[in-house]
Amino acid sequence: MDKDNSYQSLMDRKNSIMKTSVGIDYSLYETGKISFDYEALMTENGYPIPVIKSIQSTHGVGSTPLKEMRNLTALARKYSAPGFGARIFIKDEALNDSGSFKARRASISVYQAKKMGYKGVITATSGNYGAAVASQAAKYGLKCIVVQECYDSQKIGQPEIIEKARACEAYGAEVIQLSVGPELFYTFLKLLEETGYFNASLYTPFGISGIETLGNELIEDCLRLTNRLPSAIVVTNAGGGNLTGTARGIRKTTTKKIPIIGASVNLKGLHMASDRDFNKKSFTTGHTGFGMPYMTNPDRSDVPRSAARPLRYIDRYVTVNQGEVFFMTEALVALEGIERGPAGNISLAAAFSLAQTMNENEVIIVQETEYTGAGKHHQAQLSFARANGIEIRFGNPREEIPGRSIILPSNPGLIKAMDVDLDVIRKSLIRNAVKDQTKLDPIDLEFLAQETNRDLPWVKAELKNLGVGWEE
Amino acid sequence: MILIKNNTWVQIEKIVLKPEERTGNIPEDTKKVPLRMWVKGWLQADAEMGQNVIITTVTGRLEGGLLVAVNPSFTHNYGDFVPEIQEIDKIVKKALYGERHG
């Protein structure tokens with residue numbers, strides 16, 4: 001009998017499709033009214049770091065070099081007070097097979113799919129993760145489908161995303177390209193049901209545990225090269241997985257507290273599901289349009305419970321503007337002789353600013369780079385922006401209006417990482433988590449304290465503000 | 001019309017959701033247009049451009065839609081020259097090395 005594939009019918013089958021396609025019964029981890037046992041989900045479905053290292057090292061992933069950016073550091077010191085200007089290092093993740101840190105996530109997802117006997121893998125992504133899954137699937141002899149939001153309704157595509165479609169096809173994947181809209185998830189579910197393939201979601205414990213090796217390497221590399229621990233690690237933040245996995249890996253490697261700073265491109269004012277705005281933005285990932293909603297509502301992802309929970313780990317959250325990242329991308333080429341993709345340099349732009357506030361003996365690490373090429377290059381993206389009517393000029397980046405202008409700093413001293421108030425985000429997470437609740441269980445309060453990395457009195461005060469009660 | 005031969009590598013397009021079938025929770029400009037999909041594969045019978053056809057994709061799936069491209073290729077590139085990029089080089093080299101690099 002043919003199944004009813006109308007939008008609503010398929011959405012109603014979501015949970016059973018998920019269970020079959022990920023191989024995890026998420027209901028086993030639910031504990032209170034809103035809480036679930038995150039650590040049990042991670043421990044029972046992830047792998048220890050030595051196992052992950054072994055899987056990755058035999059599949060072209062990991063052990064990327066940590067490189068000191070001596071000239072960028074010297075440049076940052078030109079704008080620092082005497083004695084300030086931390087040493088800037090980058091972890092050159094572009095050197096993973098498929099060209100980004102996403103290979104770490106894909107390597108464990110695809111390994112799991114193979115181990116469980118799936119014939120293929122599906123992933124919904126317009127980013128580097130598609131190429132990473134396709135590359136790993138090729139190594140394991142699995143079939144691969146990548147579902148992309150690629151074009152606006154006039155079939156005009158972001159050059160960056162089209163390049164990723166090319167890369168996915170090159171690695172042997174079937175690429176399903178869609179116009180703008182969140183109903184991509186509908187197509188994704190339909191394909192999961194039709195093919196019986198594994199859901200290589202970015203947000204399973206497999207994907208997140210794959211990044212823990214990156215956190216581990218950052219600490220070990222830094223100690224080896226500088227004989228000291230980093231004073232800050234800057235992580236580009238979108239869906240929160242990169243930050244979560246890196247922080248978990250760090251905690252498993254050192255007992256010392258290492259500050260984790262999230263960085264996103266500021267795309268304030270642009271709607272992510274808008275057909276019109278789609279080609280007005282010059283970054284398709286690493287931006288606040290993903291960073292904010294995923295931080296305040298992590299379970300909006302494509303699995304019932306996301307393993308990416310950035311608010312548990314983040315110590316500070318900053319934004320930079322598009323013009324600042326494009327500027328730093330070119331500065332990296334001009335001064336360090338390394339050509340890398342713009343999206344990977346979001347945390348570099350932030351680190352360049354943050355380093356100036358740190359002591360010159362300290363170390364700040366930019367935790368990833370990504371590959372570059374046709375489409376996925378600052379010239380391609382600036383040229384595309386100009387063709388879409390975006391004003392590009394030098395000036396003060398603070399004057400940039402996303403969707404209207406890209407302001408390149410007229411001098412490097414104008415690059416400034418802008419702080420986001422994390423308490424506002426934490427309160428928003430609580431508001432989202434309790435929106436259908438009137439009275440919580442004690443375990444829910446503990447859960448919210450962990451989710452927000454705050455103590456119980458703080459959580460209780462916020463619940464009082466929202467008029468939500470709890471059992472003592 | 002030119003006949004496209006069976007087994008040719010092509011791209012098809014289909015409407016996944018009509019405007020009235022789209023979810024309520026999206027901006028007005030998106031709600032006005034259909035959700036469109038493009039897939040590539042091998043043509044399953046001789047056909048003409050714009051016809052409704054069936055293809056087999058690289059994973060072996062069958063998919064139907066309008067034939068929109070034959071031997072579809074990627075044409076994305078490095079874009080038009082952006083003079084500001086050269087200007088960035090000048091700015092950072094001058095700032096770091098002084099006027100001699102300016």
# chains A, B, ... in the order shown; residues from 1 in each chain; ligands from 1
call {"tool": "interface_residues", "arguments": {"of": "chain B", "to": "chain A", "cutoff": "6 Å", "atoms": "only C-alpha atoms", "output": "list in words"}}
result
Pro27, Thr30, Leu35, Arg36, Met37, Trp38, Val39, Val58, His76, Asn77, Tyr78, Gly79, Asp80, Asp89 and Leu96 of chain B
call {"tool": "residues_around", "arguments": {"residues": "Ile346 of chain A", "least_positions_apart": "6", "cutoff": "10 Å", "atoms": "only C-alpha atoms", "output": "list in words"}}
result
Val234, Val235, Thr236, Asn237, Gly262, Ala263, Ser264, Val265, Phe283, Thr285, Gly286, His287, Thr319, Val320, Asn321, Gln322, Glu324, Val325, Phe326, Met328, Thr329, Val366, Glu368 and Thr369 of chain A
call {"tool": "residues_around", "arguments": {"residues": "segment 41-56 of chain B", "least_positions_apart": "5", "cutoff": "8 Å", "atoms": "only C-alpha atoms", "output": "ChimeraX atom specification"}}
result
/B:1-12,61-69
call {"tool": "write_last_selection", "arguments": {"atoms": "N, CA and C atoms", "output": "compact mmCIF listing (two decimals), in the first residue's frame"}}
result
# COMPACT_ATOMS: atom_id res chain seq x y z
N MET B 1 12.23 19.73 -32.62
CA MET B 1 12.83 19.52 -31.30
C MET B 1 13.92 18.45 -31.38
N ILE B 2 14.96 18.64 -30.59
CA ILE B 2 16.04 17.65 -30.57
C ILE B 2 15.68 16.56 -29.57
N LEU B 3 15.87 15.34 -30.00
CA LEU B 3 15.57 14.21 -29.12
C LEU B 3 16.78 13.92 -28.23
N ILE B 4 16.53 13.86 -26.93
CA ILE B 4 17.62 13.52 -25.99
C ILE B 4 17.55 12.00 -25.79
N LYS B 5 18.68 11.37 -25.99
CA LYS B 5 18.72 9.91 -25.98
C LYS B 5 18.62 9.32 -24.57
N ASN B 6 17.97 8.18 -24.52
CA ASN B 6 17.95 7.34 -23.32
C ASN B 6 19.37 7.22 -22.74
N ASN B 7 19.46 7.21 -21.41
CA ASN B 7 20.76 7.05 -20.71
C ASN B 7 21.64 8.29 -20.70
N THR B 8 21.13 9.39 -21.24
CA THR B 8 21.91 10.64 -21.17
C THR B 8 21.82 11.18 -19.74
N TRP B 9 22.92 11.81 -19.29
CA TRP B 9 22.97 12.42 -17.94
C TRP B 9 22.22 13.77 -18.01
N VAL B 10 21.17 13.90 -17.20
CA VAL B 10 20.32 15.10 -17.29
C VAL B 10 19.97 15.62 -15.90
N GLN B 11 19.37 16.81 -15.89
CA GLN B 11 18.81 17.36 -14.65
C GLN B 11 17.31 17.55 -14.83
N ILE B 12 16.56 17.18 -13.80
CA ILE B 12 15.11 17.40 -13.83
C ILE B 12 14.71 18.36 -12.72
N ARG B 61 17.92 5.43 -7.38
CA ARG B 61 16.51 5.82 -7.17
C ARG B 61 15.90 6.28 -8.49
N LEU B 62 14.58 6.10 -8.58
CA LEU B 62 13.86 6.65 -9.73
C LEU B 62 13.22 7.97 -9.28
N GLU B 63 13.33 8.96 -10.12
CA GLU B 63 12.72 10.26 -9.78
C GLU B 63 12.14 10.83 -11.07
N GLY B 64 10.99 11.49 -10.93
CA GLY B 64 10.33 12.06 -12.11
C GLY B 64 10.26 13.57 -12.03
N GLY B 65 10.25 14.22 -13.21
CA GLY B 65 10.14 15.67 -13.24
C GLY B 65 10.36 16.19 -14.65
N LEU B 66 10.37 17.51 -14.79
CA LEU B 66 10.57 18.11 -16.11
C LEU B 66 12.04 18.11 -16.47
N LEU B 67 12.32 17.74 -17.70
CA LEU B 67 13.71 17.71 -18.18
C LEU B 67 14.18 19.15 -18.42
N VAL B 68 15.15 19.63 -17.65
CA VAL B 68 15.58 21.03 -17.78
C VAL B 68 17.03 21.21 -18.26
N ALA B 69 17.86 20.19 -18.16
CA ALA B 69 19.25 20.36 -18.63
C ALA B 69 19.83 19.02 -19.06
call {"tool": "select_by_dssp", "arguments": {"residues": "chain B", "states": "strand (DSSP E)", "output": "NGL selection string"}}
result
:B and (9-17 or 35-43 or 52-56 or 62-70)
call {"tool": "residues_around", "arguments": {"residues": "Arg13 of chain A", "least_positions_apart": "6", "cutoff": "12 Å", "atoms": "only C-alpha atoms", "output": "ChimeraX atom specification"}}
result
/A:3-7,19-20,186,189-190,192-193
call {"tool": "closest_residue", "arguments": {"among": "A:Thr43, A:Glu472, A:Ile401, A:Ile364", "to": "Arg228 of chain A", "atoms": "only C-alpha atoms"}}
result
A:Ile364
call {"tool": "select_by_dssp", "arguments": {"residues": "segment 124-349 of chain A", "states": "alpha helix (DSSP H)", "output": "VMD selection string"}}
result
chain A and resid 128 to 140 159 to 170 184 to 195 205 to 209 212 to 226 241 to 251 288 to 296 322 to 336 346 to 349
call {"tool": "residues_around", "arguments": {"residues": "segment 88-100 of chain A", "least_positions_apart": "6", "cutoff": "8 Å", "atoms": "only C-alpha atoms", "output": "number ranges by chain"}}
result
A: 60-62, 64-70, 72-73, 128, 131-132, 135, 218, 340, 348, 351-352, 355, 363-371
